[in-house]
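J.: Below are the structure tokens for one structure; questions will follow.
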Amino acid sequence: MAEHGNPMSPGPGAPEAKVEDNSLPRSVIARIVKAKLQELHPQSSSDKKGGAAPQVKPDALLALQESAKVFISYIASTANDCAKDNKRQTIGADDVFTALEELGFTELLGPLRTYFEAHSSSLKEKAKRTPKPKEAVPRKRKSVSGPGQAEEAKRQLLVSPLPPQPPPAPPPPQPPAPSADADAGLEEEDVEAEEEAGGMVEEELDQDDEEAAMDEAQ
């Protein structure tokens, strides 16, 4: 069996460790002790031989607390040496089992391996039962429904700026206004046309008079 130094002794030049440093919670130690004592002294109404479990004084709990800390430190130091012998920097469960065997705690290997296997199986079952997270589905936009939402939509339309309007179309071009000279020329043409029409009427009347006179002479 490999020889190992005291894991609790500080190295040269190291500061002294406090009494409460790295100690296990006393409540955990008390629960473990209580469960073990109830297992050793079961109480039964039909069997009076069992008796009540003995009480544990605070100084006894403190001694058990420090003993657990020393035991864990001792096993951890030996398991670290086992990992180094196998050229590994990570301590595994097999290193802890080897350390217990080297230190002479072979009676602990059976219960420890059984508990370790049961714990690993429970973790695997728990991982299988845990549902996988669902992918996020984008939410659809809600349609406007109800008087309140309709009023809000209407208000948004009124507030929003109107689109730019196109410029107005230019007016069609107007024909040029007639000048004064053109108006005078038109008036002269109208007068000449009237005079010609009057002369033609007079000629027709003269012809009628001549014909009437010739008829009377005959």
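By order of appearance in the structure tokens: chains A, B, ..., then residues from 1 within every chain, and ligands from 1 in the order shown.
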I'd like the neighbourhood of segment 101-115 of chain A as number ranges by chain, where a residue qualifies if any of its atoms comes within 12 Å (using only C-alpha atoms), though same-chain residues fewer than 4 positions away should be ignored.
T.: A: 1-4, 71, 74-79, 81-82, 93-97, 119-122
J.: Would you write out those residues with N, CA, C and O atoms, as a PDB file, in the first residue's frame?
T.:
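Written out: part-v2.pdb:
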ATOM      1  N   MET A   1       0.843  -1.188   0.000  1.00  0.00           N
ATOM      2  CA  MET A   1       0.000   0.000   0.000  1.00  0.00           C
ATOM      3  C   MET A   1       0.877   1.236   0.000  1.00  0.00           C
ATOM      4  O   MET A   1       1.858   1.321   0.735  1.00  0.00           O
ATOM      5  N   ALA A   2       0.534   2.228  -0.805  1.00  0.00           N
ATOM      6  CA  ALA A   2       1.344   3.439  -0.910  1.00  0.00           C
ATOM      7  C   ALA A   2       1.221   4.250   0.355  1.00  0.00           C
ATOM      8  O   ALA A   2       0.189   4.297   1.010  1.00  0.00           O
ATOM      9  N   GLU A   3       2.329   4.891   0.706  1.00  0.00           N
ATOM     10  CA  GLU A   3       2.359   5.730   1.895  1.00  0.00           C
ATOM     11  C   GLU A   3       2.054   7.164   1.501  1.00  0.00           C
ATOM     12  O   GLU A   3       2.558   7.677   0.514  1.00  0.00           O
ATOM     13  N   HIS A   4       1.202   7.811   2.261  1.00  0.00           N
ATOM     14  CA  HIS A   4       0.797   9.187   1.989  1.00  0.00           C
ATOM     15  C   HIS A   4       0.953   9.994   3.265  1.00  0.00           C
ATOM     16  O   HIS A   4       0.735   9.496   4.365  1.00  0.00           O
ATOM     17  N   PHE A  71     -11.465  12.747   6.903  1.00  0.00           N
ATOM     18  CA  PHE A  71     -11.598  11.539   6.085  1.00  0.00           C
ATOM     19  C   PHE A  71     -11.696  11.892   4.595  1.00  0.00           C
ATOM     20  O   PHE A  71     -11.034  11.282   3.755  1.00  0.00           O
ATOM     21  N   TYR A  74      -8.318  13.054   3.315  1.00  0.00           N
ATOM     22  CA  TYR A  74      -7.386  11.933   3.184  1.00  0.00           C
ATOM     23  C   TYR A  74      -7.685  11.123   1.924  1.00  0.00           C
ATOM     24  O   TYR A  74      -6.766  10.766   1.161  1.00  0.00           O
ATOM     25  N   ILE A  75      -8.953  10.824   1.676  1.00  0.00           N
ATOM     26  CA  ILE A  75      -9.324  10.073   0.478  1.00  0.00           C
ATOM     27  C   ILE A  75      -9.023  10.880  -0.779  1.00  0.00           C
ATOM     28  O   ILE A  75      -8.536  10.351  -1.791  1.00  0.00           O
ATOM     29  N   ALA A  76      -9.276  12.191  -0.750  1.00  0.00           N
ATOM     30  CA  ALA A  76      -9.023  13.031  -1.920  1.00  0.00           C
ATOM     31  C   ALA A  76      -7.535  13.090  -2.239  1.00  0.00           C
ATOM     32  O   ALA A  76      -7.132  13.058  -3.415  1.00  0.00           O
ATOM     33  N   SER A  77      -6.676  13.162  -1.195  1.00  0.00           N
ATOM     34  CA  SER A  77      -5.239  13.206  -1.426  1.00  0.00           C
ATOM     35  C   SER A  77      -4.746  11.908  -2.054  1.00  0.00           C
ATOM     36  O   SER A  77      -3.934  11.914  -2.990  1.00  0.00           O
ATOM     37  N   THR A  78      -5.249  10.774  -1.556  1.00  0.00           N
ATOM     38  CA  THR A  78      -4.830   9.484  -2.107  1.00  0.00           C
ATOM     39  C   THR A  78      -5.356   9.307  -3.528  1.00  0.00           C
ATOM     40  O   THR A  78      -4.646   8.787  -4.406  1.00  0.00           O
ATOM     41  N   ALA A  79      -6.603   9.728  -3.802  1.00  0.00           N
ATOM     42  CA  ALA A  79      -7.144   9.623  -5.158  1.00  0.00           C
ATOM     43  C   ALA A  79      -6.363  10.506  -6.126  1.00  0.00           C
ATOM     44  O   ALA A  79      -6.181  10.151  -7.298  1.00  0.00           O
ATOM     45  N   ASP A  81      -3.150  11.129  -5.935  1.00  0.00           N
ATOM     46  CA  ASP A  81      -1.918  10.381  -6.241  1.00  0.00           C
ATOM     47  C   ASP A  81      -2.187   9.261  -7.244  1.00  0.00           C
ATOM     48  O   ASP A  81      -1.365   8.997  -8.130  1.00  0.00           O
ATOM     49  N   CYS A  82      -3.359   8.622  -7.128  1.00  0.00           N
ATOM     50  CA  CYS A  82      -3.704   7.563  -8.083  1.00  0.00           C
ATOM     51  C   CYS A  82      -3.873   8.131  -9.488  1.00  0.00           C
ATOM     52  O   CYS A  82      -3.451   7.512 -10.477  1.00  0.00           O
ATOM     53  N   ALA A  93     -14.121   8.603 -10.500  1.00  0.00           N
ATOM     54  CA  ALA A  93     -14.690   7.729  -9.468  1.00  0.00           C
ATOM     55  C   ALA A  93     -13.800   6.508  -9.230  1.00  0.00           C
ATOM     56  O   ALA A  93     -13.652   6.041  -8.088  1.00  0.00           O
ATOM     57  N   ASP A  94     -13.177   5.987 -10.285  1.00  0.00           N
ATOM     58  CA  ASP A  94     -12.293   4.829 -10.115  1.00  0.00           C
ATOM     59  C   ASP A  94     -11.098   5.167  -9.240  1.00  0.00           C
ATOM     60  O   ASP A  94     -10.590   4.302  -8.499  1.00  0.00           O
ATOM     61  N   ASP A  95     -10.610   6.416  -9.312  1.00  0.00           N
ATOM     62  CA  ASP A  95      -9.493   6.817  -8.443  1.00  0.00           C
ATOM     63  C   ASP A  95      -9.915   6.812  -6.977  1.00  0.00           C
ATOM     64  O   ASP A  95      -9.131   6.450  -6.092  1.00  0.00           O
ATOM     65  N   VAL A  96     -11.167   7.233  -6.696  1.00  0.00           N
ATOM     66  CA  VAL A  96     -11.661   7.205  -5.325  1.00  0.00           C
ATOM     67  C   VAL A  96     -11.782   5.763  -4.829  1.00  0.00           C
ATOM     68  O   VAL A  96     -11.413   5.437  -3.683  1.00  0.00           O
ATOM     69  N   PHE A  97     -12.291   4.860  -5.669  1.00  0.00           N
ATOM     70  CA  PHE A  97     -12.404   3.451  -5.283  1.00  0.00           C
ATOM     71  C   PHE A  97     -11.021   2.849  -5.016  1.00  0.00           C
ATOM     72  O   PHE A  97     -10.826   2.097  -4.039  1.00  0.00           O
ATOM     73  N   HIS A 119     -27.182   5.967  -8.530  1.00  0.00           N
ATOM     74  CA  HIS A 119     -27.239   7.410  -8.765  1.00  0.00           C
ATOM     75  C   HIS A 119     -27.041   7.733 -10.242  1.00  0.00           C
ATOM     76  O   HIS A 119     -27.747   8.597 -10.809  1.00  0.00           O
ATOM     77  N   SER A 120     -26.119   7.057 -10.908  1.00  0.00           N
ATOM     78  CA  SER A 120     -25.892   7.293 -12.334  1.00  0.00           C
ATOM     79  C   SER A 120     -27.120   6.902 -13.148  1.00  0.00           C
ATOM     80  O   SER A 120     -27.499   7.609 -14.107  1.00  0.00           O
ATOM     81  N   SER A 121     -27.777   5.796 -12.777  1.00  0.00           N
ATOM     82  CA  SER A 121     -28.987   5.377 -13.502  1.00  0.00           C
ATOM     83  C   SER A 121     -30.121   6.380 -13.329  1.00  0.00           C
ATOM     84  O   SER A 121     -30.860   6.676 -14.272  1.00  0.00           O
ATOM     85  N   SER A 122     -30.263   6.916 -12.100  1.00  0.00           N
ATOM     86  CA  SER A 122     -31.328   7.897 -11.875  1.00  0.00           C
ATOM     87  C   SER A 122     -31.090   9.176 -12.670  1.00  0.00           C
ATOM     88  O   SER A 122     -32.039   9.798 -13.182  1.00  0.00           O
TER      89      SER A 122
END
J.: Give me, please, the distance in Å between atom CA of Val28 of chain A and atom CA of Leu62 of chain A, quoted to one decimal.
T.: 11.8 Å
J.: What's the separation between atom CA of Leu37 of chain A and atom CA of Val56 of chain A, in Å to one decimal place?
T.: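 That distance, rounded to one decimal, is 9.7 Å.
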J.: Please report the interatomic distance between atom CA of Ala35 of chain A and atom CA of Glu66 of chain A in Å with one decimal.
T.: 19.0 Å
J.: Given only C-alpha atoms as the basis, pick out the residue of A:Asn22, A:Asn86, A:Asn80, A:Gln174 nearest to Ala68 of chain A.
T.: A:Asn22
